[in-house]
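Structure data follow from query_8.pdb (PDB, C-alpha atoms):
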ATOM      1  CA  MET A   1      24.523  45.022  44.044  1.00  0.00           C
ATOM      2  CA  ASN A   2      25.106  48.666  43.148  1.00  0.00           C
ATOM      3  CA  THR A   3      26.903  47.623  39.958  1.00  0.00           C
ATOM      4  CA  LEU A   4      23.976  45.463  38.917  1.00  0.00           C
ATOM      5  CA  LEU A   5      21.485  48.263  39.604  1.00  0.00           C
ATOM      6  CA  SER A   6      23.527  50.855  37.707  1.00  0.00           C
ATOM      7  CA  SER A   7      23.892  48.471  34.710  1.00  0.00           C
ATOM      8  CA  PHE A   8      20.170  47.916  34.675  1.00  0.00           C
ATOM      9  CA  LEU A   9      19.463  51.644  34.779  1.00  0.00           C
ATOM     10  CA  ALA A  10      21.974  52.269  31.968  1.00  0.00           C
ATOM     11  CA  LEU A  11      20.235  49.669  29.800  1.00  0.00           C
ATOM     12  CA  LEU A  12      16.863  51.140  30.651  1.00  0.00           C
ATOM     13  CA  GLY A  13      18.108  54.593  29.684  1.00  0.00           C
ATOM     14  CA  ALA A  14      19.564  53.267  26.431  1.00  0.00           C
ATOM     15  CA  ALA A  15      16.282  51.556  25.577  1.00  0.00           C
ATOM     16  CA  THR A  16      14.368  54.786  26.050  1.00  0.00           C
ATOM     17  CA  ASN A  17      16.736  56.519  23.621  1.00  0.00           C
ATOM     18  CA  ALA A  18      16.186  53.814  20.957  1.00  0.00           C
ATOM     19  CA  TYR A  19      14.523  54.914  17.766  1.00  0.00           C
ATOM     20  CA  ALA A  20      12.846  52.564  15.287  1.00  0.00           C
ATOM     21  CA  PHE A  21      11.363  53.273  11.869  1.00  0.00           C
ATOM     22  CA  GLU A  22      10.574  51.621   8.552  1.00  0.00           C
ATOM     23  CA  GLY A  23      12.909  52.011   5.611  1.00  0.00           C
ATOM     24  CA  VAL A  24      13.073  50.857   2.012  1.00  0.00           C
ATOM     25  CA  ALA A  25      16.012  48.712   0.857  1.00  0.00           C
ATOM     26  CA  ARG A  26      17.007  47.950  -2.730  1.00  0.00           C
ATOM     27  CA  VAL A  27      16.836  44.252  -3.619  1.00  0.00           C
ATOM     28  CA  VAL A  28      20.110  43.159  -5.225  1.00  0.00           C
ATOM     29  CA  ASN A  29      19.211  39.510  -5.841  1.00  0.00           C
ATOM     30  CA  ALA A  30      16.282  37.164  -5.125  1.00  0.00           C
ATOM     31  CA  MET A  31      17.099  33.487  -5.799  1.00  0.00           C
ATOM     32  CA  PRO A  32      14.287  30.929  -5.544  1.00  0.00           C
ATOM     33  CA  VAL A  33      14.860  28.140  -3.012  1.00  0.00           C
ATOM     34  CA  VAL A  34      13.646  25.054  -4.864  1.00  0.00           C
ATOM     35  CA  GLU A  35      12.841  21.642  -3.389  1.00  0.00           C
ATOM     36  CA  THR A  36      11.786  18.407  -5.031  1.00  0.00           C
ATOM     37  CA  VAL A  37       8.867  16.604  -3.402  1.00  0.00           C
ATOM     38  CA  ASN A  38       7.573  13.101  -4.176  1.00  0.00           C
ATOM     39  CA  ARG A  39       3.812  12.635  -4.179  1.00  0.00           C
ATOM     40  CA  PRO A  40       3.419   8.863  -4.738  1.00  0.00           C
ATOM     41  CA  SER A  41       0.109   7.421  -5.863  1.00  0.00           C
ATOM     42  CA  GLN A  42      -1.234   3.944  -6.509  1.00  0.00           C
ATOM     43  CA  ASN A  43      -1.972   2.687  -9.989  1.00  0.00           C
ATOM     44  CA  CYS A  44      -4.390  -0.265  -9.825  1.00  0.00           C
ATOM     45  CA  TRP A  45      -5.908  -2.561 -12.440  1.00  0.00           C
ATOM     46  CA  THR A  46      -7.739  -5.863 -12.674  1.00  0.00           C
ATOM     47  CA  GLU A  47      -6.247  -8.915 -14.331  1.00  0.00           C
ATOM     48  CA  TYR A  48      -8.144 -12.103 -15.079  1.00  0.00           C
ATOM     49  CA  GLN A  49      -6.512 -15.447 -14.324  1.00  0.00           C
ATOM     50  CA  PRO A  50      -7.844 -18.903 -15.121  1.00  0.00           C
ATOM     51  CA  SER A  51      -9.036 -20.948 -12.163  1.00  0.00           C
ATOM     52  CA  THR A  52      -9.732 -24.659 -12.558  1.00  0.00           C
ATOM     53  CA  ARG A  53     -12.153 -26.407 -10.238  1.00  0.00           C
ATOM     54  CA  TYR A  54     -13.120 -30.062 -10.002  1.00  0.00           C
ATOM     55  CA  ASN A  55     -16.813 -30.690  -9.361  1.00  0.00           C
ATOM     56  CA  PRO A  56     -17.326 -34.208  -7.972  1.00  0.00           C
ATOM     57  CA  PRO A  57     -20.258 -36.166  -9.410  1.00  0.00           C
ATOM     58  CA  GLU A  58     -23.373 -37.167  -7.614  1.00  0.00           C
ATOM     59  CA  HIS A  59     -22.742 -40.679  -6.430  1.00  0.00           C
ATOM     60  CA  SER A  60     -24.539 -43.401  -8.382  1.00  0.00           C
ATOM     61  CA  TYR A  61     -25.392 -46.664  -6.609  1.00  0.00           C
ATOM     62  CA  GLY A  62     -26.496 -48.519  -9.755  1.00  0.00           C
ATOM     63  CA  GLY A  63     -23.035 -49.968 -10.415  1.00  0.00           C
ATOM     64  CA  ALA A  64     -22.768 -51.289  -6.861  1.00  0.00           C
ATOM     65  CA  VAL A  65     -26.161 -52.992  -7.120  1.00  0.00           C
ATOM     66  CA  VAL A  66     -25.448 -54.603 -10.490  1.00  0.00           C
ATOM     67  CA  GLY A  67     -21.910 -55.585  -9.393  1.00  0.00           C
ATOM     68  CA  GLY A  68     -23.219 -57.091  -6.149  1.00  0.00           C
ATOM     69  CA  ILE A  69     -25.852 -59.158  -7.975  1.00  0.00           C
ATOM     70  CA  ALA A  70     -23.370 -60.342 -10.612  1.00  0.00           C
ATOM     71  CA  GLY A  71     -20.746 -61.199  -7.968  1.00  0.00           C
ATOM     72  CA  GLY A  72     -23.293 -63.057  -5.850  1.00  0.00           C
ATOM     73  CA  LEU A  73     -24.527 -65.093  -8.810  1.00  0.00           C
ATOM     74  CA  LEU A  74     -20.984 -65.890  -9.863  1.00  0.00           C
ATOM     75  CA  GLY A  75     -19.957 -66.817  -6.304  1.00  0.00           C
ATOM     76  CA  SER A  76     -22.921 -69.120  -5.806  1.00  0.00           C
ATOM     77  CA  ARG A  77     -21.604 -71.432  -8.566  1.00  0.00           C
ATOM     78  CA  PHE A  78     -18.529 -72.395  -6.571  1.00  0.00           C
ATOM     79  CA  GLY A  79     -18.276 -74.513  -3.442  1.00  0.00           C
ATOM     80  CA  GLU A  80     -20.762 -76.685  -1.566  1.00  0.00           C
ATOM     81  CA  GLY A  81     -22.966 -76.047   1.431  1.00  0.00           C
ATOM     82  CA  ASN A  82     -21.793 -73.220   3.669  1.00  0.00           C
ATOM     83  CA  GLY A  83     -18.776 -72.710   1.405  1.00  0.00           C
ATOM     84  CA  ARG A  84     -21.106 -71.851  -1.439  1.00  0.00           C
ATOM     85  CA  VAL A  85     -22.881 -69.206   0.731  1.00  0.00           C
ATOM     86  CA  ALA A  86     -19.568 -67.760   1.871  1.00  0.00           C
ATOM     87  CA  SER A  87     -18.273 -67.683  -1.709  1.00  0.00           C
ATOM     88  CA  ALA A  88     -21.453 -65.949  -2.886  1.00  0.00           C
ATOM     89  CA  ALA A  89     -21.204 -63.372  -0.067  1.00  0.00           C
ATOM     90  CA  VAL A  90     -17.524 -62.593  -0.750  1.00  0.00           C
ATOM     91  CA  ARG A  91     -18.049 -62.372  -4.514  1.00  0.00           C
ATOM     92  CA  ALA A  92     -21.150 -60.198  -4.010  1.00  0.00           C
ATOM     93  CA  ALA A  93     -19.105 -57.753  -1.884  1.00  0.00           C
ATOM     94  CA  VAL A  94     -16.224 -57.679  -4.376  1.00  0.00           C
ATOM     95  CA  GLY A  95     -18.713 -57.267  -7.254  1.00  0.00           C
ATOM     96  CA  ALA A  96     -20.462 -54.359  -5.473  1.00  0.00           C
ATOM     97  CA  ILE A  97     -17.177 -52.517  -4.883  1.00  0.00           C
ATOM     98  CA  THR A  98     -15.971 -53.115  -8.446  1.00  0.00           C
ATOM     99  CA  GLY A  99     -19.302 -52.110  -9.962  1.00  0.00           C
ATOM    100  CA  ASP A 100     -19.428 -48.929  -7.858  1.00  0.00           C
ATOM    101  CA  ARG A 101     -15.920 -47.867  -8.915  1.00  0.00           C
ATOM    102  CA  LEU A 102     -16.548 -48.603 -12.583  1.00  0.00           C
ATOM    103  CA  ASP A 103     -19.857 -46.745 -12.590  1.00  0.00           C
ATOM    104  CA  ASN A 104     -18.596 -43.610 -10.791  1.00  0.00           C
ATOM    105  CA  ARG A 105     -15.204 -43.148 -12.471  1.00  0.00           C
ATOM    106  CA  ASP A 106     -14.728 -40.155 -14.776  1.00  0.00           C
ATOM    107  CA  ARG A 107     -18.110 -38.698 -13.941  1.00  0.00           C
ATOM    108  CA  GLY A 108     -16.826 -35.508 -12.304  1.00  0.00           C
ATOM    109  CA  GLU A 109     -16.500 -32.247 -14.210  1.00  0.00           C
ATOM    110  CA  THR A 110     -13.593 -29.865 -14.390  1.00  0.00           C
ATOM    111  CA  THR A 111     -14.590 -26.255 -15.028  1.00  0.00           C
ATOM    112  CA  THR A 112     -12.260 -23.377 -15.818  1.00  0.00           C
ATOM    113  CA  THR A 113     -13.383 -19.835 -15.136  1.00  0.00           C
ATOM    114  CA  GLN A 114     -11.678 -16.454 -15.269  1.00  0.00           C
ATOM    115  CA  VAL A 115     -11.176 -14.983 -11.782  1.00  0.00           C
ATOM    116  CA  PRO A 116     -10.542 -11.231 -11.357  1.00  0.00           C
ATOM    117  CA  VAL A 117      -7.332 -10.383  -9.461  1.00  0.00           C
ATOM    118  CA  ARG A 118      -6.658  -6.802  -8.372  1.00  0.00           C
ATOM    119  CA  ARG A 119      -3.063  -5.646  -8.823  1.00  0.00           C
ATOM    120  CA  CYS A 120      -1.556  -2.350  -7.627  1.00  0.00           C
ATOM    121  CA  THR A 121       1.778  -0.646  -7.983  1.00  0.00           C
ATOM    122  CA  SER A 122       3.140   2.542  -6.464  1.00  0.00           C
ATOM    123  CA  VAL A 123       3.958   5.310  -8.931  1.00  0.00           C
ATOM    124  CA  ASP A 124       6.269   8.184  -7.990  1.00  0.00           C
ATOM    125  CA  HIS A 125       5.291  11.707  -9.007  1.00  0.00           C
ATOM    126  CA  TYR A 126       8.137  14.128  -8.376  1.00  0.00           C
ATOM    127  CA  GLU A 127       7.345  17.811  -8.465  1.00  0.00           C
ATOM    128  CA  THR A 128       9.612  20.771  -8.042  1.00  0.00           C
ATOM    129  CA  ARG A 129       8.289  23.697  -6.051  1.00  0.00           C
ATOM    130  CA  THR A 130       9.622  26.968  -4.763  1.00  0.00           C
ATOM    131  CA  SER A 131       9.639  27.000  -0.970  1.00  0.00           C
ATOM    132  CA  GLY A 132      10.973  30.559  -0.589  1.00  0.00           C
ATOM    133  CA  TYR A 133      13.504  33.119  -1.829  1.00  0.00           C
ATOM    134  CA  ARG A 134      17.064  33.814  -0.698  1.00  0.00           C
ATOM    135  CA  VAL A 135      17.132  37.619  -0.869  1.00  0.00           C
ATOM    136  CA  THR A 136      20.192  39.877  -0.894  1.00  0.00           C
ATOM    137  CA  TYR A 137      19.295  43.502  -0.266  1.00  0.00           C
ATOM    138  CA  GLU A 138      21.174  46.765   0.246  1.00  0.00           C
ATOM    139  CA  TYR A 139      20.378  49.422   2.813  1.00  0.00           C
ATOM    140  CA  GLU A 140      22.491  52.529   3.435  1.00  0.00           C
ATOM    141  CA  GLY A 141      25.397  51.089   1.406  1.00  0.00           C
ATOM    142  CA  ARG A 142      25.519  47.747   3.296  1.00  0.00           C
ATOM    143  CA  GLN A 143      24.322  44.350   2.029  1.00  0.00           C
ATOM    144  CA  PHE A 144      22.222  41.916   4.022  1.00  0.00           C
ATOM    145  CA  GLN A 145      20.699  38.489   3.326  1.00  0.00           C
ATOM    146  CA  THR A 146      17.497  36.829   4.460  1.00  0.00           C
ATOM    147  CA  THR A 147      15.088  34.106   3.356  1.00  0.00           C
ATOM    148  CA  LEU A 148      11.524  35.143   2.585  1.00  0.00           C
ATOM    149  CA  PRO A 149       8.457  33.071   1.681  1.00  0.00           C
ATOM    150  CA  TYR A 150       7.759  35.400  -1.286  1.00  0.00           C
ATOM    151  CA  ASP A 151       9.629  37.264  -4.047  1.00  0.00           C
ATOM    152  CA  PRO A 152       9.923  40.848  -2.726  1.00  0.00           C
ATOM    153  CA  GLY A 153      10.358  42.482  -6.120  1.00  0.00           C
ATOM    154  CA  PRO A 154      12.820  45.407  -6.608  1.00  0.00           C
ATOM    155  CA  GLN A 155      12.336  46.898  -3.123  1.00  0.00           C
ATOM    156  CA  LEU A 156      12.023  45.515   0.378  1.00  0.00           C
ATOM    157  CA  HIS A 157      10.479  47.265   3.359  1.00  0.00           C
ATOM    158  CA  VAL A 158      12.754  46.856   6.390  1.00  0.00           C
ATOM    159  CA  ASN A 159      12.505  47.742  10.057  1.00  0.00           C
ATOM    160  CA  VAL A 160      15.376  49.918  11.218  1.00  0.00           C
ATOM    161  CA  SER A 161      16.285  50.328  14.862  1.00  0.00           C
ATOM    162  CA  VAL A 162      18.779  52.968  16.009  1.00  0.00           C
ATOM    163  CA  THR A 163      20.231  52.935  19.501  1.00  0.00           C
ATOM    164  CA  PRO A 164      23.104  55.014  20.881  1.00  0.00           C
ATOM    165  CA  ARG A 165      26.392  53.243  21.355  1.00  0.00           C
ATOM    166  CA  GLN A 166      27.644  53.076  24.910  1.00  0.00           C
TER
END
Go ahead and render the structure in this file as structure tokens.
Amino acid sequence: MNTLLSSFLALLGAATNAYAFEGVARVVNAMPVVETVNRPSQNCWTEYQPSTRYNPPEHSYGGAVVGGIAGGLLGSRFGEGNGRVASAAVRAAVGAITGDRLDNRDRGETTTTQVPVRRCTSVDHYETRTSGYRVTYEYEGRQFQTTLPYDPGPQLHVNVSVTPRQ
């Protein structure tokens, strides 16, 4: 315990005998610390691409009506009695379907338009910048090094602390 107390008092006494002041050192060398930074950006443009679209027609019932009448008339010429009625009915149905398909084929429209499409690509922009200076300076015949955020010029103000050696 006494050893610890005496060590503490010796340090306290040494601290009270410390002397600090500002001095001026001569700068020997100041090298820029350079770093390369990428600042990417987007380059966008619009392209136009063809787009084809089928527009179905409005349905026409005229072909079905004409086909049904023609099929019924044609069917009524064959058979006897109920067979003639059945033949007319079947031929009328087949005629209506055929007439409808013939009348409504190839009536739709195909249109082609230009559709805008947005495209983007990333573009790298590298820039070199100085992030600080590696400075070698001389004070009282001794050289020291440090990194500073600025170029100090020919002289550097330094803090000097002098304490007695124990």
Give me, as number ranges by chain, all polymer residues having an atom no more than 12 Å from Thr136 (chain A), counting all atoms listed in the file and skipping those fewer than 2 positions away in the same chain.
A: 25-32, 133-134, 138-139, 142-148, 151-156
May I have the residues from that selection written out with C-alpha atoms, as a PDB file, keeping the file's coordinate frame?
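Output (again29.pdb):
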ATOM      1  CA  ALA A  25      16.012  48.712   0.857  1.00  0.00           C
ATOM      2  CA  ARG A  26      17.007  47.950  -2.730  1.00  0.00           C
ATOM      3  CA  VAL A  27      16.836  44.252  -3.619  1.00  0.00           C
ATOM      4  CA  VAL A  28      20.110  43.159  -5.225  1.00  0.00           C
ATOM      5  CA  ASN A  29      19.211  39.510  -5.841  1.00  0.00           C
ATOM      6  CA  ALA A  30      16.282  37.164  -5.125  1.00  0.00           C
ATOM      7  CA  MET A  31      17.099  33.487  -5.799  1.00  0.00           C
ATOM      8  CA  PRO A  32      14.287  30.929  -5.544  1.00  0.00           C
ATOM      9  CA  TYR A 133      13.504  33.119  -1.829  1.00  0.00           C
ATOM     10  CA  ARG A 134      17.064  33.814  -0.698  1.00  0.00           C
ATOM     11  CA  GLU A 138      21.174  46.765   0.246  1.00  0.00           C
ATOM     12  CA  TYR A 139      20.378  49.422   2.813  1.00  0.00           C
ATOM     13  CA  ARG A 142      25.519  47.747   3.296  1.00  0.00           C
ATOM     14  CA  GLN A 143      24.322  44.350   2.029  1.00  0.00           C
ATOM     15  CA  PHE A 144      22.222  41.916   4.022  1.00  0.00           C
ATOM     16  CA  GLN A 145      20.699  38.489   3.326  1.00  0.00           C
ATOM     17  CA  THR A 146      17.497  36.829   4.460  1.00  0.00           C
ATOM     18  CA  THR A 147      15.088  34.106   3.356  1.00  0.00           C
ATOM     19  CA  LEU A 148      11.524  35.143   2.585  1.00  0.00           C
ATOM     20  CA  ASP A 151       9.629  37.264  -4.047  1.00  0.00           C
ATOM     21  CA  PRO A 152       9.923  40.848  -2.726  1.00  0.00           C
ATOM     22  CA  GLY A 153      10.358  42.482  -6.120  1.00  0.00           C
ATOM     23  CA  PRO A 154      12.820  45.407  -6.608  1.00  0.00           C
ATOM     24  CA  GLN A 155      12.336  46.898  -3.123  1.00  0.00           C
ATOM     25  CA  LEU A 156      12.023  45.515   0.378  1.00  0.00           C
TER      26      LEU A 156
END
Find the residue from A:Asn55, A:Thr98, A:Tyr137, A:Glu127 that sits nearest to Val158 (chain A); use only C-alpha atoms when measuring.
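Checking each of A:Asn55, A:Thr98, A:Tyr137, A:Glu127 against Val158 (chain A), counting only C-alpha atoms, the winner is A:Tyr137.
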Need to verify the contact set: Ser41 (chain A), 8 Å, all atoms listed in the file, exclusion of same-chain residues closer than 3 positions in sequence. Can you return it as an NGL selection string?
:A and (122-125)
Using all atoms listed in the file - which residues lie no farther than 10 Å from the point (11.0, 20.7, -6.6) in the file's frame? Write them as a VMD selection string.
chain A and resid 33 to 38 126 to 131
Expand the PyMOL selection byres ((chain A and resi 121) around 6) into the explicit residue set it covers here, and present it as a PyMOL selection string.
chain A and resi 42-43+120+122
Could you list, as a compact mmCIF listing (two decimals) with C-alpha atoms, keeping the file's coordinate frame, every residue matched by the PyMOL selection byres ((chain A and resi 115) around 7) in this structure?
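As a result, selection-v8.txt now contains:
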# COMPACT_ATOMS: atom_id res chain seq x y z
CA TYR A 48 -8.14 -12.10 -15.08
CA GLN A 49 -6.51 -15.45 -14.32
CA PRO A 50 -7.84 -18.90 -15.12
CA SER A 51 -9.04 -20.95 -12.16
CA THR A 113 -13.38 -19.84 -15.14
CA GLN A 114 -11.68 -16.45 -15.27
CA PRO A 116 -10.54 -11.23 -11.36
CA VAL A 117 -7.33 -10.38 -9.46
Ala89 (chain A) proximity check over A:Thr112, A:Gly71, A:Leu102, A:Thr46, using all atoms listed in the file: winner is A:Gly71
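The nearest approach to Val65 (chain A) among the residues A:Ala86, A:Ile97, A:Ala18, A:Cys44, with only C-alpha atoms taken into account, belongs to A:Ile97.
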Could you state the separation of CA of Arg53 (chain A) and CA of Gly99 (chain A) in Å, given to one decimal place?
26.7 Å
Å distance separating CA of Thr111 (chain A) from CA of Tyr61 (chain A), one decimal place
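The value is 24.6 Å.
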Could you jot down the CA of Thr110 (chain A) to CA of Val66 (chain A) separation for me, Å, one decimal place?
27.7 Å
Considering all atoms listed in the file, state which residue in the set A:Arg101, A:Val24, A:Ser161, A:Tyr19 is at the smallest distance from Glu140 (chain A).
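Closest to Glu140 (chain A) of all the choices is A:Val24.
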Can you tell me, as AutoDock Vina command-line options, the centre and edge lengths (Å, one decimal) of the axis-aligned box enclosing all of region 48-59 of chain A's listed atoms after padding each side by 5 Å?
--center_x -14.9 --center_y -26.4 --center_z -10.8 --size_x 26.9 --size_y 38.6 --size_z 18.7
